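Data from final_9.cif: mmCIF, C-alpha atoms
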```cif
data_structure
#
loop_
_atom_site.label_atom_id
_atom_site.label_comp_id
_atom_site.auth_asym_id
_atom_site.auth_seq_id
_atom_site.Cartn_x
_atom_site.Cartn_y
_atom_site.Cartn_z
CA MET A 1 0.00 0.00 0.00
CA LEU A 2 2.82 2.33 0.88
CA SER A 3 4.48 1.61 -2.42
CA LEU A 4 1.42 3.02 -4.18
CA LEU A 5 1.74 6.30 -2.21
CA SER A 6 5.42 6.90 -2.87
CA TRP A 7 6.11 9.24 -5.78
CA PRO A 8 8.32 12.32 -6.34
CA GLY A 9 7.25 15.28 -4.27
CA GLY A 10 6.92 13.72 -0.83
CA CYS A 11 4.80 11.14 0.96
CA PRO A 12 1.32 11.98 2.35
CA THR A 13 2.13 10.34 5.70
CA GLU A 14 4.86 12.87 6.32
CA ARG A 15 2.32 15.75 6.20
CA GLY A 16 0.21 14.31 9.00
CA MET A 17 -2.32 12.35 6.97
CA SER A 18 -4.01 9.69 8.99
CA TRP A 19 -4.03 6.05 8.10
CA ALA A 20 -7.71 6.26 7.24
CA GLN A 21 -7.00 8.92 4.62
CA ALA A 22 -4.14 6.80 3.26
CA ILE A 23 -6.45 3.77 2.86
CA LEU A 24 -9.11 5.87 1.10
CA LEU A 25 -6.45 7.35 -1.15
CA ALA A 26 -5.21 3.85 -2.07
CA ARG A 27 -8.76 2.76 -2.93
CA GLY A 28 -9.26 5.79 -5.08
CA LEU A 29 -6.05 5.18 -6.97
CA SER A 30 -6.97 1.54 -7.53
CA ARG A 31 -10.30 2.58 -9.09
CA GLY A 32 -8.68 5.07 -11.40
CA TRP A 33 -10.13 8.27 -9.95
CA GLY A 34 -7.47 10.79 -10.84
CA GLY A 35 -9.00 13.73 -8.98
CA ILE A 36 -8.21 12.24 -5.58
CA CYS A 37 -4.48 12.47 -6.14
CA GLY A 38 -4.23 16.24 -6.50
CA THR A 39 -6.86 17.06 -3.91
CA ALA A 40 -5.38 14.81 -1.22
CA LEU A 41 -1.95 16.42 -1.64
CA THR A 42 -3.32 19.97 -1.13
CA GLY A 43 -5.28 18.96 2.01
CA ALA A 44 -8.77 19.82 0.69
CA PRO A 45 -11.72 17.91 2.11
CA PHE A 46 -12.92 14.85 0.24
CA SER A 47 -16.36 16.34 -0.36
CA GLN A 48 -14.83 19.00 -2.63
CA LEU A 49 -13.03 16.92 -5.15
CA PRO A 50 -12.54 18.64 -8.49
CA PRO A 51 -12.26 16.38 -11.52
CA GLN A 52 -8.52 16.56 -12.02
CA SER A 53 -6.07 14.00 -13.18
CA PRO A 54 -2.76 13.27 -11.43
CA ARG A 55 0.30 14.66 -13.12
CA ALA A 56 2.81 12.20 -11.76
CA LEU A 57 0.83 9.06 -12.63
CA HIS A 58 1.05 7.99 -16.24
CA CYS A 59 -2.64 7.24 -16.83
CA SER A 60 -5.16 8.42 -19.36
CA SER A 61 -8.05 10.48 -18.01
CA ALA A 62 -10.15 9.69 -21.04
CA THR A 63 -10.13 6.00 -20.28
CA HIS A 64 -10.74 6.25 -16.53
CA ASN A 65 -13.29 9.10 -16.44
CA SER A 66 -15.64 7.14 -18.70
CA ASP A 67 -18.03 4.73 -17.03
CA SER A 68 -17.79 2.38 -20.01
CA SER A 69 -14.41 1.13 -18.76
CA LEU A 70 -16.09 -0.36 -15.71
CA VAL A 71 -18.65 -2.32 -17.78
CA PRO A 72 -17.33 -5.56 -19.34
CA ARG A 73 -17.69 -5.93 -23.05
CA PRO A 74 -20.02 -8.64 -24.34
CA PRO A 75 -18.21 -11.70 -25.66
CA GLU A 76 -17.87 -12.00 -29.41
CA PRO A 77 -20.00 -14.69 -31.05
CA LEU A 78 -18.17 -17.93 -31.57
CA ARG A 79 -17.39 -18.75 -35.16
CA LYS A 80 -17.94 -22.31 -36.26
CA PRO A 81 -14.66 -23.80 -37.40
CA ALA A 82 -14.43 -25.14 -40.87
CA LYS A 83 -15.29 -28.82 -41.06
CA ALA A 84 -12.02 -30.66 -41.29
CA LEU A 85 -11.59 -34.01 -42.93
CA ALA A 86 -11.46 -37.10 -40.77
CA PRO A 87 -8.01 -38.50 -40.08
CA HIS A 88 -6.67 -40.53 -43.01
CA GLU A 89 -9.55 -39.36 -45.20
CA GLU A 90 -7.11 -38.34 -47.93
CA LEU A 91 -6.06 -41.97 -48.41
CA PHE A 92 -9.48 -42.78 -49.85
CA MET A 93 -9.36 -39.80 -52.22
CA GLN A 94 -6.25 -40.88 -54.11
CA ALA A 95 -8.09 -43.28 -56.42
CA PRO A 96 -7.74 -42.41 -60.12
CA ASP A 97 -10.90 -41.07 -61.76
CA GLY A 98 -12.65 -41.24 -58.38
CA ALA A 99 -13.35 -44.97 -58.76
CA ARG A 100 -14.95 -46.64 -55.74
CA ASP A 101 -14.36 -50.35 -56.07
CA LYS A 102 -12.49 -53.11 -54.30
CA ALA A 103 -9.15 -52.29 -55.95
CA SER A 104 -9.32 -48.66 -54.74
CA PHE A 105 -10.21 -49.74 -51.21
CA VAL A 106 -7.37 -52.27 -51.04
CA ARG A 107 -4.94 -49.65 -52.40
CA ALA A 108 -5.97 -47.19 -49.65
CA VAL A 109 -5.36 -49.79 -46.93
CA GLN A 110 -1.98 -50.70 -48.40
CA ASN A 111 -0.96 -47.04 -48.63
CA PHE A 112 -1.63 -46.62 -44.92
CA GLY A 113 0.78 -49.44 -44.10
CA GLN A 114 3.46 -48.09 -46.44
CA HIS A 115 3.39 -44.43 -45.36
CA ASN A 116 2.93 -45.20 -41.66
CA VAL A 117 5.48 -47.83 -40.77
CA HIS A 118 4.82 -47.61 -37.02
CA LYS A 119 1.05 -47.72 -37.69
CA ARG A 120 0.20 -44.72 -35.56
CA GLY A 121 -3.51 -43.99 -35.62
CA HIS A 122 -4.41 -47.44 -36.87
CA VAL A 123 -7.57 -47.55 -34.71
CA ASP A 124 -8.98 -44.37 -36.29
CA PHE A 125 -8.10 -45.67 -39.73
CA ILE A 126 -9.87 -49.00 -39.17
CA TYR A 127 -13.03 -47.27 -37.93
CA LEU A 128 -12.94 -45.00 -41.01
CA ALA A 129 -12.43 -48.00 -43.30
CA LEU A 130 -15.42 -49.79 -41.75
CA ARG A 131 -17.62 -46.80 -42.56
CA LYS A 132 -16.29 -46.63 -46.13
CA MET A 133 -16.80 -50.31 -46.97
CA ARG A 134 -20.38 -49.92 -48.11
CA GLU A 135 -19.47 -47.07 -50.44
CA TYR A 136 -16.88 -49.26 -52.13
CA GLY A 137 -19.12 -52.34 -52.25
CA VAL A 138 -16.81 -54.57 -50.17
CA GLU A 139 -19.00 -54.99 -47.06
CA ARG A 140 -19.53 -58.70 -47.85
CA ASP A 141 -15.95 -59.56 -48.78
CA LEU A 142 -14.21 -61.65 -46.11
CA ALA A 143 -10.75 -61.02 -47.59
CA VAL A 144 -11.16 -57.26 -47.05
CA TYR A 145 -11.93 -57.79 -43.35
CA HIS A 146 -8.79 -59.88 -43.04
CA LEU A 147 -6.88 -57.02 -44.65
CA LEU A 148 -8.22 -54.63 -41.99
CA LEU A 149 -7.27 -57.00 -39.18
CA ASP A 150 -3.79 -57.17 -40.64
CA VAL A 151 -3.42 -53.41 -40.02
CA PHE A 152 -3.12 -54.04 -36.26
CA PRO A 153 0.45 -54.35 -34.96
CA LYS A 154 1.38 -57.92 -34.15
CA GLU A 155 2.47 -59.28 -30.75
CA VAL A 156 1.89 -55.90 -29.05
CA PHE A 157 -1.58 -56.20 -27.55
CA ARG A 158 -1.20 -59.75 -26.27
CA PRO A 159 -1.41 -60.03 -22.45
CA ARG A 160 1.85 -61.16 -20.85
CA SER A 161 0.84 -61.59 -17.20
CA VAL A 162 -2.10 -62.77 -15.15
CA PHE A 163 -3.10 -59.21 -14.24
CA GLN A 164 -3.17 -58.18 -17.89
CA LYS A 165 -5.48 -61.11 -18.62
CA ILE A 166 -7.81 -60.21 -15.74
CA PHE A 167 -8.04 -56.54 -16.67
CA ILE A 168 -8.72 -55.47 -20.24
CA HIS A 169 -5.33 -55.12 -21.89
CA TYR A 170 -5.36 -52.25 -24.43
CA PRO A 171 -9.16 -51.76 -24.27
CA ARG A 172 -9.44 -49.35 -27.21
CA GLN A 173 -7.71 -51.76 -29.57
CA GLN A 174 -9.83 -54.69 -28.37
CA GLU A 175 -13.02 -52.68 -28.91
CA CYS A 176 -11.87 -51.90 -32.44
CA GLY A 177 -11.28 -55.59 -33.12
CA ILE A 178 -14.76 -56.42 -31.81
CA ALA A 179 -16.22 -53.74 -34.12
CA VAL A 180 -14.66 -55.49 -37.13
CA LEU A 181 -16.19 -58.82 -36.07
CA GLU A 182 -19.59 -57.25 -35.39
CA GLN A 183 -19.75 -55.77 -38.86
CA MET A 184 -18.90 -59.19 -40.27
CA GLU A 185 -21.77 -60.61 -38.20
CA ASN A 186 -24.23 -57.98 -39.43
CA TYR A 187 -23.54 -58.93 -43.04
CA GLY A 188 -23.67 -62.68 -42.34
CA LEU A 189 -19.98 -63.45 -42.91
CA MET A 190 -18.66 -66.61 -41.27
CA PRO A 191 -15.10 -66.27 -39.86
CA ASN A 192 -12.63 -68.95 -40.84
CA LYS A 193 -9.21 -70.23 -39.78
CA GLU A 194 -7.42 -67.19 -41.19
CA THR A 195 -9.54 -64.95 -38.99
CA GLU A 196 -8.63 -67.03 -35.94
CA PHE A 197 -4.93 -66.93 -36.79
CA LEU A 198 -4.96 -63.11 -37.11
CA LEU A 199 -6.83 -62.63 -33.82
CA ILE A 200 -4.44 -64.92 -31.91
CA GLN A 201 -1.45 -63.15 -33.42
CA ILE A 202 -2.81 -59.71 -32.52
CA PHE A 203 -4.71 -60.12 -29.23
CA GLY A 204 -3.94 -63.65 -28.01
CA ARG A 205 -6.36 -66.37 -26.95
CA LYS A 206 -7.36 -64.74 -23.65
CA SER A 207 -8.98 -61.64 -25.16
CA TYR A 208 -12.44 -60.33 -25.90
CA PRO A 209 -12.10 -60.37 -29.71
CA MET A 210 -11.19 -64.04 -29.47
CA LEU A 211 -14.24 -64.65 -27.27
CA LYS A 212 -16.40 -62.94 -29.89
CA PHE A 213 -14.88 -65.16 -32.57
CA VAL A 214 -15.68 -68.34 -30.62
CA ARG A 215 -19.30 -67.28 -30.15
CA MET A 216 -19.68 -66.50 -33.84
CA GLN A 217 -18.29 -69.92 -34.72
CA LEU A 218 -20.80 -71.57 -32.37
CA TRP A 219 -24.02 -69.78 -33.31
CA PHE A 220 -23.39 -69.14 -37.00
CA SER A 221 -22.98 -72.85 -37.67
CA ARG A 222 -26.34 -73.54 -35.95
CA PHE A 223 -28.38 -70.71 -37.48
CA LYS A 224 -26.85 -70.73 -40.96
CA ASN A 225 -29.47 -73.00 -42.56
CA ILE A 226 -32.33 -72.54 -40.11
CA ASN A 227 -34.51 -70.51 -42.53
CA PRO A 228 -36.84 -72.91 -44.40
CA PHE A 229 -37.42 -70.28 -47.12
CA PRO A 230 -33.97 -68.88 -47.89
CA VAL A 231 -33.49 -65.87 -50.14
CA PRO A 232 -30.35 -65.75 -52.28
CA ARG A 233 -27.78 -63.20 -51.22
CA ASP A 234 -27.35 -61.75 -54.72
CA LEU A 235 -30.78 -60.90 -56.07
CA PRO A 236 -31.33 -60.92 -59.85
CA GLN A 237 -31.30 -57.54 -61.54
CA ASP A 238 -33.76 -58.54 -64.27
CA PRO A 239 -37.30 -57.57 -63.15
CA VAL A 240 -38.77 -60.73 -64.70
CA ASP A 241 -36.38 -63.01 -62.80
CA LEU A 242 -36.98 -61.02 -59.63
CA ALA A 243 -40.74 -61.42 -60.07
CA ARG A 244 -40.34 -65.18 -60.53
CA LEU A 245 -38.30 -65.36 -57.35
CA GLY A 246 -40.88 -63.37 -55.38
CA LEU A 247 -43.83 -65.42 -56.58
CA ARG A 248 -42.07 -68.70 -55.85
CA HIS A 249 -41.21 -67.40 -52.42
CA MET A 250 -44.90 -66.69 -51.63
CA GLU A 251 -46.53 -69.77 -53.19
CA PRO A 252 -46.35 -72.80 -50.85
CA ASP A 253 -47.50 -75.27 -53.52
CA LEU A 254 -44.49 -76.67 -55.36
CA SER A 255 -46.70 -77.74 -58.27
CA ALA A 256 -47.63 -74.13 -59.05
CA ARG A 257 -46.68 -72.90 -62.51
CA VAL A 258 -45.09 -69.54 -63.23
CA THR A 259 -46.16 -67.94 -66.52
CA VAL A 260 -44.72 -64.86 -68.22
CA TYR A 261 -47.68 -63.21 -69.92
CA GLN A 262 -45.74 -60.22 -71.27
CA MET A 263 -42.04 -59.41 -71.50
CA PRO A 264 -40.86 -55.85 -70.93
CA SER A 265 -40.00 -53.99 -74.11
CA SER A 266 -37.16 -51.48 -74.38
CA LYS A 267 -37.91 -47.80 -74.79
CA ASP A 268 -35.55 -47.69 -77.77
CA SER A 269 -37.42 -50.41 -79.67
CA ILE A 270 -39.14 -49.32 -82.90
CA ASP A 271 -40.75 -52.55 -84.12
CA THR A 272 -43.27 -52.85 -81.29
CA ALA A 273 -46.45 -50.83 -81.37
CA ASP A 274 -46.21 -49.96 -77.67
CA PRO A 275 -42.56 -49.32 -76.81
CA THR A 276 -43.17 -49.10 -73.05
CA GLU A 277 -44.99 -52.37 -72.34
CA PRO A 278 -44.37 -53.51 -68.75
CA HIS A 279 -43.68 -57.08 -67.78
CA ILE A 280 -46.46 -59.34 -66.43
CA VAL A 281 -45.56 -62.53 -64.53
CA GLY A 282 -48.18 -64.70 -62.84
CA ILE A 283 -48.39 -67.91 -60.83
CA GLN A 284 -51.24 -70.39 -60.30
CA SER A 285 -51.45 -73.87 -58.83
CA PRO A 286 -53.70 -76.77 -59.98
CA ASP A 287 -55.79 -76.47 -56.81
CA GLN A 288 -56.42 -72.81 -57.56
CA GLN A 289 -57.48 -73.64 -61.11
CA ALA A 290 -59.96 -76.23 -59.80
CA ALA A 291 -61.35 -73.74 -57.27
CA LEU A 292 -61.79 -71.12 -59.99
CA ALA A 293 -63.62 -73.65 -62.19
CA ARG A 294 -66.09 -74.39 -59.33
CA HIS A 295 -66.72 -70.71 -58.63
CA ASN A 296 -70.27 -69.45 -59.05
CA PRO A 297 -70.42 -67.15 -62.14
CA ALA A 298 -73.04 -65.01 -60.43
CA ARG A 299 -70.50 -63.85 -57.86
CA PRO A 300 -67.76 -61.47 -59.04
CA ILE A 301 -64.07 -61.88 -58.32
CA PHE A 302 -61.70 -59.05 -57.47
CA VAL A 303 -58.22 -57.92 -58.50
CA GLU A 304 -56.65 -56.27 -55.44
CA GLY A 305 -53.32 -54.68 -54.78
CA PRO A 306 -50.61 -53.72 -54.94
CA PHE A 307 -49.18 -55.38 -51.85
CA SER A 308 -45.52 -55.10 -50.90
CA LEU A 309 -43.02 -57.93 -50.52
CA TRP A 310 -39.46 -57.38 -49.31
CA LEU A 311 -36.64 -59.50 -50.71
CA ARG A 312 -33.61 -58.44 -48.66
CA ASN A 313 -33.09 -54.76 -49.57
CA LYS A 314 -35.56 -54.66 -52.47
CA CYS A 315 -39.31 -54.24 -52.39
CA VAL A 316 -41.58 -55.66 -55.09
CA TYR A 317 -45.33 -55.35 -55.45
CA TYR A 318 -47.86 -58.02 -56.37
CA HIS A 319 -51.60 -58.33 -57.08
CA ILE A 320 -54.02 -61.11 -56.24
CA LEU A 321 -57.20 -62.48 -57.84
CA ARG A 322 -59.59 -63.40 -55.06
CA ALA A 323 -63.27 -63.85 -54.20
CA ASP A 324 -65.37 -63.02 -51.21
CA LEU A 325 -66.04 -65.55 -48.50
CA LEU A 326 -69.10 -67.69 -49.13
CA PRO A 327 -71.99 -67.41 -46.68
CA PRO A 328 -72.26 -70.27 -44.14
CA GLU A 329 -75.30 -71.85 -45.79
CA GLU A 330 -73.47 -72.26 -49.12
CA ARG A 331 -70.26 -73.74 -47.76
CA GLU A 332 -69.47 -77.37 -48.30
CA VAL A 333 -68.05 -79.01 -45.20
CA GLU A 334 -65.55 -81.70 -46.04
CA GLU A 335 -65.16 -84.55 -43.61
CA ILE A 336 -61.50 -85.12 -42.89
CA PRO A 337 -60.46 -88.53 -41.59
CA GLU A 338 -59.00 -88.50 -38.14
CA GLU A 339 -55.67 -89.85 -39.28
CA TRP A 340 -55.34 -86.89 -41.71
CA ASN A 341 -56.36 -84.22 -39.22
CA LEU A 342 -53.48 -82.15 -37.79
CA TYR A 343 -55.60 -81.17 -34.78
CA TYR A 344 -56.37 -84.79 -33.89
CA PRO A 345 -58.49 -85.62 -31.96
CA MET A 346 -61.16 -83.02 -32.75
CA GLN A 347 -64.05 -85.36 -31.90
CA LEU A 348 -64.13 -87.89 -29.09
CA ASP A 349 -66.66 -90.66 -29.48
CA LEU A 350 -65.58 -92.38 -26.29
CA ASP A 351 -67.46 -91.62 -23.11
CA TYR A 352 -64.79 -90.44 -20.71
CA GLY A 353 -65.57 -89.06 -17.33
CA ARG A 354 -64.94 -85.30 -17.34
CA SER A 355 -64.98 -82.78 -14.58
CA GLY A 356 -66.12 -79.19 -14.49
CA TRP A 357 -62.57 -77.91 -15.12
CA ASP A 358 -62.34 -79.46 -18.59
CA ASP A 359 -62.46 -77.04 -21.51
CA TYR A 360 -64.70 -78.24 -24.32
CA GLN A 361 -63.69 -75.51 -26.79
CA PHE A 362 -60.39 -74.89 -28.49
CA ASP A 363 -59.17 -71.30 -28.34
CA ILE A 364 -57.86 -70.77 -31.87
CA ASN A 365 -57.62 -67.33 -33.46
CA GLU A 366 -58.52 -67.80 -37.11
CA VAL A 367 -59.34 -65.14 -39.69
CA GLU A 368 -61.57 -66.44 -42.45
CA GLU A 369 -60.84 -65.07 -45.90
CA GLY A 370 -62.04 -65.76 -49.36
CA PRO A 371 -60.17 -68.02 -51.78
CA ILE A 372 -57.23 -66.70 -53.80
CA PHE A 373 -57.17 -67.94 -57.40
CA ALA A 374 -53.91 -66.43 -58.76
CA MET A 375 -51.12 -63.90 -58.13
CA CYS A 376 -49.07 -61.73 -60.43
CA MET A 377 -46.31 -59.12 -60.49
CA ALA A 378 -46.39 -56.42 -63.15
CA GLY A 379 -44.24 -53.48 -64.14
CA ALA A 380 -47.24 -51.15 -63.87
CA HIS A 381 -50.20 -51.08 -61.49
CA ASP A 382 -52.91 -49.68 -63.73
CA GLN A 383 -56.10 -51.38 -64.86
CA ALA A 384 -55.02 -51.72 -68.49
CA THR A 385 -51.93 -53.75 -67.57
CA LEU A 386 -53.82 -56.01 -65.17
CA ALA A 387 -56.55 -56.58 -67.76
CA LYS A 388 -53.91 -58.22 -69.95
CA TRP A 389 -53.13 -60.56 -67.06
CA ILE A 390 -56.83 -61.53 -66.83
CA GLN A 391 -56.90 -62.19 -70.57
CA GLY A 392 -53.85 -64.44 -70.24
CA LEU A 393 -55.53 -66.40 -67.42
CA GLN A 394 -58.47 -67.21 -69.68
CA GLU A 395 -56.30 -69.54 -71.74
CA THR A 396 -55.87 -71.95 -68.81
CA ASN A 397 -59.13 -71.03 -67.02
CA PRO A 398 -62.06 -71.03 -69.50
CA ALA A 399 -64.57 -70.43 -66.70
CA LEU A 400 -63.03 -67.00 -66.11
CA ALA A 401 -64.74 -65.72 -69.28
CA GLN A 402 -68.15 -66.04 -67.60
CA ILE A 403 -67.19 -64.41 -64.28
CA PRO A 404 -67.26 -60.62 -63.79
CA VAL A 405 -63.95 -59.14 -62.65
CA VAL A 406 -63.85 -56.03 -60.46
CA PHE A 407 -60.64 -54.02 -59.96
CA ARG A 408 -59.79 -52.66 -56.52
CA LEU A 409 -56.49 -50.85 -56.99
CA ALA A 410 -54.76 -48.67 -54.43
CA ALA A 411 -51.96 -46.14 -54.88
CA SER A 412 -48.35 -47.33 -54.53
CA THR A 413 -44.89 -45.82 -54.67
CA GLY A 414 -43.34 -47.82 -57.48
CA GLU A 415 -42.29 -51.23 -58.71
CA LEU A 416 -38.80 -51.45 -57.23
CA LEU A 417 -37.55 -49.66 -54.15
CA ALA A 418 -34.11 -50.04 -52.55
CA SER A 419 -33.44 -49.40 -48.88
CA SER A 420 -30.47 -47.22 -49.76
CA GLY A 421 -32.64 -44.98 -51.95
CA LEU A 422 -30.52 -45.40 -55.06
CA GLU A 423 -33.34 -46.58 -57.33
CA GLU A 424 -35.93 -44.04 -58.40
CA PRO A 425 -39.56 -45.08 -57.96
CA SER A 426 -41.86 -45.08 -60.93
CA PRO A 427 -44.73 -42.56 -61.04
CA PRO A 428 -47.72 -43.57 -58.92
CA PRO A 429 -50.72 -45.16 -60.62
CA PRO A 430 -54.07 -43.36 -60.85
CA GLU A 431 -56.29 -42.98 -57.85
CA GLU A 432 -58.23 -45.85 -56.31
CA GLN A 433 -60.74 -47.32 -58.71
CA GLU A 434 -63.52 -49.39 -57.20
CA GLU A 435 -66.06 -51.04 -59.45
CA GLU A 436 -69.61 -51.54 -58.27
CA GLU A 437 -71.22 -54.90 -58.74
CA ASP A 438 -74.62 -53.56 -59.84
CA ASP A 439 -73.32 -51.43 -62.73
CA PRO A 440 -72.81 -53.68 -65.81
CA GLN A 441 -71.00 -50.99 -67.77
CA ARG A 442 -68.18 -50.67 -65.19
CA GLN A 443 -67.58 -54.39 -64.80
CA GLN A 444 -64.54 -55.85 -66.55
CA ARG A 445 -65.48 -59.22 -67.94
CA GLY A 446 -63.13 -61.85 -69.22
CA GLN A 447 -64.06 -61.35 -72.86
CA SER A 448 -62.92 -57.70 -72.88
#
```
Could you write out this structure as C-alpha cells?
Amino acid sequence: MLSLLSWPGGCPTERGMSWAQAILLARGLSRGWGGICGTALTGAPFSQLPPQSPRALHCSSATHNSDSSLVPRPPEPLRKPAKALAPHEELFMQAPDGARDKASFVRAVQNFGQHNVHKRGHVDFIYLALRKMREYGVERDLAVYHLLLDVFPKEVFRPRSVFQKIFIHYPRQQECGIAVLEQMENYGLMPNKETEFLLIQIFGRKSYPMLKFVRMQLWFSRFKNINPFPVPRDLPQDPVDLARLGLRHMEPDLSARVTVYQMPSSKDSIDTADPTEPHIVGIQSPDQQAALARHNPARPIFVEGPFSLWLRNKCVYYHILRADLLPPEEREVEEIPEEWNLYYPMQLDLDYGRSGWDDYQFDINEVEEGPIFAMCMAGAHDQATLAKWIQGLQETNPALAQIPVVFRLAASTGELLASSGLEEPSPPPPEEQEEEEDDPQRQQRGQS
C-alpha cells in the first residue's frame, strides 16, 4: 500500500495524513479516480473533489473518467470452425478417376501401411475404413476384413501376465477388433481359420475379440441354414427373374406354374407398337385352377393390390385375384379322416368321465378369408396392364370368361424400391378405382 503512495514530491504520511485517509487514497487510486491524487496532496476535504487528473501518474483520463471502462464488453459470437476431414480421409481420395471399387479400397489400406510404418492412428483408420466399406461395395468380402485386421500391430496387444489377462489389456484396440467382427456378423460373414490366426497373433487367446470369434463360430454354424425359405444373397437384376423369385417365395405349392404373360420392351425399340410395355408374370397352382372352375359365375371376383413384398433390400409389389367368402349356408363341409387331421383328436366318441374344469372348446384365433385364385407381379399397377393378365388367365381357365372381374387398386410408390434410396420409384398409378357390382357398364369381364 505504501508503495502506491510513494512518488516524487513527498509522501502523504509525512504531512500528518491519517491512516484512514491513506487507505481511502489507495482505494481511489486503484479505481482510477485521478482527482483524488491532487486534492489529497493539497489537504482539501474529500467532499470537494474537483475532476482533475494526477500529473505524476502515467494514466489516461479519457479512459478512466468514462463509465464504459467499468462495464465488461459482451463476448464476441463464436465462429464455427471449418469442417475438417477425418483423419486418413485423404487416403481414400487418391483413387484415379474417383473410382470406388475393391481395388481402390485395397490400395488405400496398403498405402496406410506403407506411409505409416509404425502404424500410428491405426484404430482411427480402421473405424474409417469400416464406414467406407459400403461405399466401395466390399462390405460382404471376407478377404477385405482380413486385410483390416492385418493393419493391427502384431504381438503388441497380447497379455503377458495374469493381471493383464484379468483386466482389459489395451481396451481401445480390443473394442476396435470387436467392431470389425460385429460388422462381419451384421452382413452374415462366417469367420474362418485365417480370422482365428490373425486374432491370436494380434490379441492372443485370452482376449475379448477371441471370445467374440468363438461365439460366432458356435451360433453361426447352428443358425446358418435354419430358414426354411432362404433368399439368395445376390438378387437378380432382371425384373422378370426377380418377379419369378418373389412369386415362388410366396406360393407354398411346389406344383404351381409360373407364366410370363408379357415381357418388358425397351424404350428404344421401334418394331413394337407400344414401346413401353411392362412385364407381367403370374403364378397359379392346380388347386387354384380347380377352385376357380367351381366358382359361381353369379358372384364377381376381385383384383386387389398392390401389396408389398421385401426381398432383402428390395421391395416388389404383387396383385391377387380373389373372391369373397361364401356365406355359411353355401359352404361345403368336407369330412376329414382323423388320421389326416393335424388337430387330432377333434371329436371324441368315447365316453370319458370329465370334470367341471375341462375345456370343451379350443381357443384358436382364425381369420376367415375368401379363396385366392392367382397372383401376379407387373411393371405397372394400372387397370389396363392387369386386364392383360386376366386375358392371359383365360387360356388356362375357361370359366373365367363367364365371371365378372372387379378391380380394386390402391396407390403405390413404385415397382422397385431399394433401402439405400438409389433406385428411383416409378410414377404412382391413378387414384383408387372401385367397381360396383350392380353397374354392368363398369364391370370388366373376361371377354374384354
Got a sec to resolve the PyMOL selection byres ((chain A and resi 234) around 12) on this structure and send the residues as an mmCIF file with C-alpha atoms, in the frame of the given file?
```cif
data_model
loop_
_atom_site.group_PDB
_atom_site.id
_atom_site.type_symbol
_atom_site.label_atom_id
_atom_site.label_comp_id
_atom_site.auth_asym_id
_atom_site.auth_seq_id
_atom_site.Cartn_x
_atom_site.Cartn_y
_atom_site.Cartn_z
ATOM 1 C CA ARG A 140 -19.530 -58.700 -47.850
ATOM 2 C CA PRO A 230 -33.970 -68.880 -47.890
ATOM 3 C CA VAL A 231 -33.490 -65.870 -50.140
ATOM 4 C CA PRO A 232 -30.350 -65.750 -52.280
ATOM 5 C CA ARG A 233 -27.780 -63.200 -51.220
ATOM 6 C CA LEU A 235 -30.780 -60.900 -56.070
ATOM 7 C CA PRO A 236 -31.330 -60.920 -59.850
ATOM 8 C CA GLN A 237 -31.300 -57.540 -61.540
ATOM 9 C CA ASP A 238 -33.760 -58.540 -64.270
ATOM 10 C CA LEU A 242 -36.980 -61.020 -59.630
ATOM 11 C CA LEU A 245 -38.300 -65.360 -57.350
ATOM 12 C CA LEU A 311 -36.640 -59.500 -50.710
ATOM 13 C CA ARG A 312 -33.610 -58.440 -48.660
ATOM 14 C CA ASN A 313 -33.090 -54.760 -49.570
ATOM 15 C CA LYS A 314 -35.560 -54.660 -52.470
#
```
Residue list as an mmCIF file with C-alpha atoms, in the coordinates of the input for point (-67.9, -67.8, -57.6), cut-off 10 Å, all atoms listed in the file:
```cif
data_model
loop_
_atom_site.group_PDB
_atom_site.id
_atom_site.type_symbol
_atom_site.label_atom_id
_atom_site.label_comp_id
_atom_site.auth_asym_id
_atom_site.auth_seq_id
_atom_site.Cartn_x
_atom_site.Cartn_y
_atom_site.Cartn_z
ATOM 1 C CA ALA A 291 -61.350 -73.740 -57.270
ATOM 2 C CA LEU A 292 -61.790 -71.120 -59.990
ATOM 3 C CA ALA A 293 -63.620 -73.650 -62.190
ATOM 4 C CA ARG A 294 -66.090 -74.390 -59.330
ATOM 5 C CA HIS A 295 -66.720 -70.710 -58.630
ATOM 6 C CA ASN A 296 -70.270 -69.450 -59.050
ATOM 7 C CA PRO A 297 -70.420 -67.150 -62.140
ATOM 8 C CA ALA A 298 -73.040 -65.010 -60.430
ATOM 9 C CA ARG A 299 -70.500 -63.850 -57.860
ATOM 10 C CA PRO A 300 -67.760 -61.470 -59.040
ATOM 11 C CA ILE A 301 -64.070 -61.880 -58.320
ATOM 12 C CA ARG A 322 -59.590 -63.400 -55.060
ATOM 13 C CA ALA A 323 -63.270 -63.850 -54.200
ATOM 14 C CA ASP A 324 -65.370 -63.020 -51.210
ATOM 15 C CA LEU A 325 -66.040 -65.550 -48.500
ATOM 16 C CA LEU A 326 -69.100 -67.690 -49.130
ATOM 17 C CA PRO A 371 -60.170 -68.020 -51.780
ATOM 18 C CA LEU A 400 -63.030 -67.000 -66.110
ATOM 19 C CA ILE A 403 -67.190 -64.410 -64.280
ATOM 20 C CA PRO A 404 -67.260 -60.620 -63.790
#
```
Record the distance separating CA of His319 (chain A) and CA of His279 (chain A), expressed in Å with one decimal.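 According to the coordinates, CA of His319 (chain A) and CA of His279 (chain A) are separated by 13.4 Å.
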Mind dumping a table of every region 171-214 of chain A residue within 9 Å of region 127-138 of chain A, with the nearest atom pair and its distance in Å to one decimal, using only C-alpha atoms, sorted by chain and rising number, as a tab-separated table?
```
residue	atom	partner	partner_atom	distance
A:Cys176	CA	A:Tyr127	CA	7.3
A:Ala179	CA	A:Tyr127	CA	8.2
A:Val180	CA	A:Leu130	CA	7.4
A:Gln183	CA	A:Leu130	CA	7.9
```
Selected residues written out with C-alpha atoms, as a compact mmCIF listing (two decimals), keeping the file's coordinate frame:
```
# COMPACT_ATOMS: atom_id res chain seq x y z
CA CYS A 176 -11.87 -51.90 -32.44
CA ALA A 179 -16.22 -53.74 -34.12
CA VAL A 180 -14.66 -55.49 -37.13
CA GLN A 183 -19.75 -55.77 -38.86
```
For the file shown, what are the residues hit by the PyMOL selection byres ((chain A and resi 321) around 6), laid out as number ranges by chain? A: 302-303, 320, 322, 372-374
Fewer than 2 positions away in the same chain doesn't count, so skip those; otherwise give me all residues within 12 Å of Glu175 (chain A), counting only C-alpha atoms, as an MDAnalysis selection string. chainID A and resid 123:124 126:127 168:173 177:182 203 207:210 212
